[in-house]
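Asks: The structure follows.
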Amino acid sequence: MNRLINKLKEIAKIYEVEKYDWPIPGDCPIKIPTSFSTSYERNIYLKDNYNLIMNNDQSLDSCYWIIQSWGGISSFKKNKRNNNRIEKFIAEIDRGKLTKDSFSCISSLSKVASFLDPERYVIYDSRVIYSLNWLLFNYTDELSFFHQPTGRSTNLAKYDMQTIFRLTKLGIEYRKHTVAYHDYCGLICNLAPLVFGEDSKPYKLEMLLFMIAPKWIVNNIEECVSINIDSIS
C-alpha cells in the first residue's frame with residue numbers, strides 16, 4: 001500500500017481538499033456558524049454535527065434531507081418502501097453485511113451512514129469509486145475491486161473502467177454486495193490518517209477522491225491507456 005499512500009499524498013498537494021466545493025442548501029436543518037465561511041469548512045461542520053438531529057428523528061426527514069437536498073438525489077422519494085430501506089440499512093451496517101437491495105441504493109444510503117457516524121462510514125458514490133479503483137489498480141497488487149454505482153459525470157462515462165480492466169485479462173474481480181461497503185469504509189478509514197496525518201477523519205480522503213475523478217483520474221487514464229486493434233484477415 002505504500003505506493004498508493006505516496007501517490008495520494010502527491011495528488012493531495014495538487015488538489016487541495018480544502019478547496020472542496022459542494023454547496024450546502026439554504027434549508028439546512030442545522031445552523032452553521034458564520035465563522036465557517038468556505039464550502040470545505042461548512043461541510044466539515046455539517047459532517048461533525050448533523051448526527052445530533054438524526055439520532056432523534058423518528059420521521060427520517062433528516063435522512064431524506066441529506067439524500068435529496070444536500071446529496072442532490074431527488075429520485076429517492078420519501079415513501080414507505082424507502083423508509084423501510086433506510087431503517088433496514090442502518091441495522092445492516094451495524095451487523096456488517098448489506099443485502100442486495102440496500103447495495104442497489106448505496107449512493108443514497110451511504111450518505112445517511114456517513115452523517116450518522118462520520119468516524120466509521122463514508123459516502124460510496126460513482127466518482128469516489130471510480131478514483132479508488134483506478135488508484136488501486138495502478139498502485140497496488142489488488143485484483144478485487146468495488147462495483148461502481150451509476151453516475152451522472154459525462155467525463156467518467158467516456159472511459160468505462162470495467163471495460164479497461166477486462167481488456168487487461170488479469171482476472172479482475174469485484175467484491176460481493178454483502179461486504180463491499182464495509183470493506184470500502186475500512187480501507188478509507190485506514191488510509192486517511194496515513195495520507196493526511198494522525199487523527200484525520202475518513203471523509204477527508206473521500207472528498208479528495210471525489211474531487212479528482214473527472215480531472216486527475218480521467219487525465220491519467222488518457223495518458224496511460226492505449227488500445228491496438230489487430231485487423232482480422
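Following the order of the C-alpha cells, chains are lettered A, B, ..., residues in each are numbered from 1, and ligands are numbered from 1.
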DSSP on the backbone: which residues in range 55-217 of chain A end up as strand (DSSP E)? Give the answer as a PDB file with N, CA and C atoms, in the first residue's frame.
Replies:
```
ATOM      1  N   SER A 144      -9.119  -7.277  -6.587  1.00  0.00           N
ATOM      2  CA  SER A 144     -10.519  -7.287  -6.172  1.00  0.00           C
ATOM      3  C   SER A 144     -10.962  -5.845  -5.962  1.00  0.00           C
ATOM      4  N   PHE A 145     -11.917  -5.415  -6.779  1.00  0.00           N
ATOM      5  CA  PHE A 145     -12.300  -4.009  -6.788  1.00  0.00           C
ATOM      6  C   PHE A 145     -13.739  -3.801  -6.340  1.00  0.00           C
ATOM      7  N   GLU A 173     -11.698  -9.119 -10.242  1.00  0.00           N
ATOM      8  CA  GLU A 173     -12.951  -9.488  -9.599  1.00  0.00           C
ATOM      9  C   GLU A 173     -13.523  -8.271  -8.877  1.00  0.00           C
ATOM     10  N   TYR A 174     -14.797  -8.394  -8.486  1.00  0.00           N
ATOM     11  CA  TYR A 174     -15.452  -7.323  -7.738  1.00  0.00           C
ATOM     12  C   TYR A 174     -16.011  -7.878  -6.436  1.00  0.00           C
TER      13      TYR A 174
END
```
Asks: Using only C-alpha atoms, which protein or nucleic acid residues come within 10 Å of Pro25 in chain A? Drop anything in the same chain fewer than 6 positions from it, and give the result as a ChimeraX atom specification.
Replies: /A:65,69-72
Asks: Excluding Leu135 in chain A and its own-chain neighbours fewer than 2 positions away, which residues fall within 9 Å of it when counting only C-alpha atoms? Please give them as a list in words.
Replies: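 Those residues are Leu4, Lys7, Leu8, Tyr130, Ser131, Leu132, Asn133, Phe137, Asn138, Tyr139, Thr140 and Ile217 of chain A.
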Asks: In Å, with one decimal, what is the gap from CA of Ile32 in chain A to CA of Tyr45 in chain A?
Replies: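 CA of Ile32 in chain A sits 7.0 Å away from CA of Tyr45 in chain A.
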Asks: Pick the closest to Met1 in chain A from A:Leu209, A:Glu142, A:Ile229, A:Glu119: which is it, counting only C-alpha atoms?
Replies: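 Nearest to Met1 in chain A: A:Glu142.
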Asks: Find the residues around Asp199 in chain A up to 12 Å (only C-alpha atoms counted), leave out those fewer than 5 positions away in its own chain, and share them as number ranges by chain.
Replies: A: 119, 189-194, 204
Asks: May I have the residues within 10 Å of Val218 in chain A as a PyMOL selection string, using only C-alpha atoms and disregarding those fewer than 6 positions away in the same chain?
Replies: chain A and resi 130-131+134+155-159+212+224
Asks: Would you save the residues from that selection as a tab-separated table (two decimals), in the first residue's frame, using N, CA and C atoms?
Replies:
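Generated file (part.tsv):
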```
chain	number	residue	atom	x	y	z
A	130	TYR	N	-14.77	5.34	-8.74
A	130	TYR	CA	-14.01	5.45	-9.99
A	130	TYR	C	-12.55	5.78	-9.69
A	131	SER	N	-12.35	6.77	-8.83
A	131	SER	CA	-10.99	7.17	-8.45
A	131	SER	C	-10.28	6.05	-7.71
A	134	TRP	N	-9.20	2.96	-9.85
A	134	TRP	CA	-8.07	3.24	-10.74
A	134	TRP	C	-6.75	3.31	-9.95
A	155	ASN	N	-17.68	13.09	-18.01
A	155	ASN	CA	-16.25	12.82	-18.12
A	155	ASN	C	-15.94	11.36	-17.78
A	156	LEU	N	-16.54	10.86	-16.72
A	156	LEU	CA	-16.30	9.47	-16.31
A	156	LEU	C	-16.88	8.50	-17.32
A	157	ALA	N	-17.99	8.89	-17.92
A	157	ALA	CA	-18.65	7.99	-18.88
A	157	ALA	C	-17.81	7.75	-20.13
A	158	LYS	N	-16.85	8.63	-20.40
A	158	LYS	CA	-16.01	8.47	-21.58
A	158	LYS	C	-15.16	7.22	-21.52
A	159	TYR	N	-14.77	6.83	-20.30
A	159	TYR	CA	-13.86	5.70	-20.14
A	159	TYR	C	-14.45	4.73	-19.11
A	212	ILE	N	-10.98	14.45	-7.54
A	212	ILE	CA	-10.01	14.15	-8.61
A	212	ILE	C	-10.58	13.28	-9.72
A	224	CYS	N	-2.27	6.95	-19.88
A	224	CYS	CA	-1.74	5.60	-19.65
A	224	CYS	C	-2.32	4.52	-20.57
```
Asks: Considering only C-alpha atoms, return as a PyMOL selection string whatever protein or nucleic-acid residues lie within 12 Å of Ile172 in chain A, sequence-local ones (same chain, fewer than 2 positions apart) excluded.
Replies: chain A and resi 133+136-137+141-147+161-170+174-175
Asks: Show which residues sit within 12 Å of range 180-185 of chain A, as a ChimeraX atom specification. Count only C-alpha atoms, and ignore same-chain residues fewer than 5 positions away.
Replies: /A:89,92-100,102-107,109-111,113-114,117-125,128-129,132-133,136,144-149,173-175,190-192,201-203,205-206
Asks: Between CA of Leu60 in chain A and CA of Ser75 in chain A, measure the distance and give it in Å to one decimal.
Replies: 16.2 Å
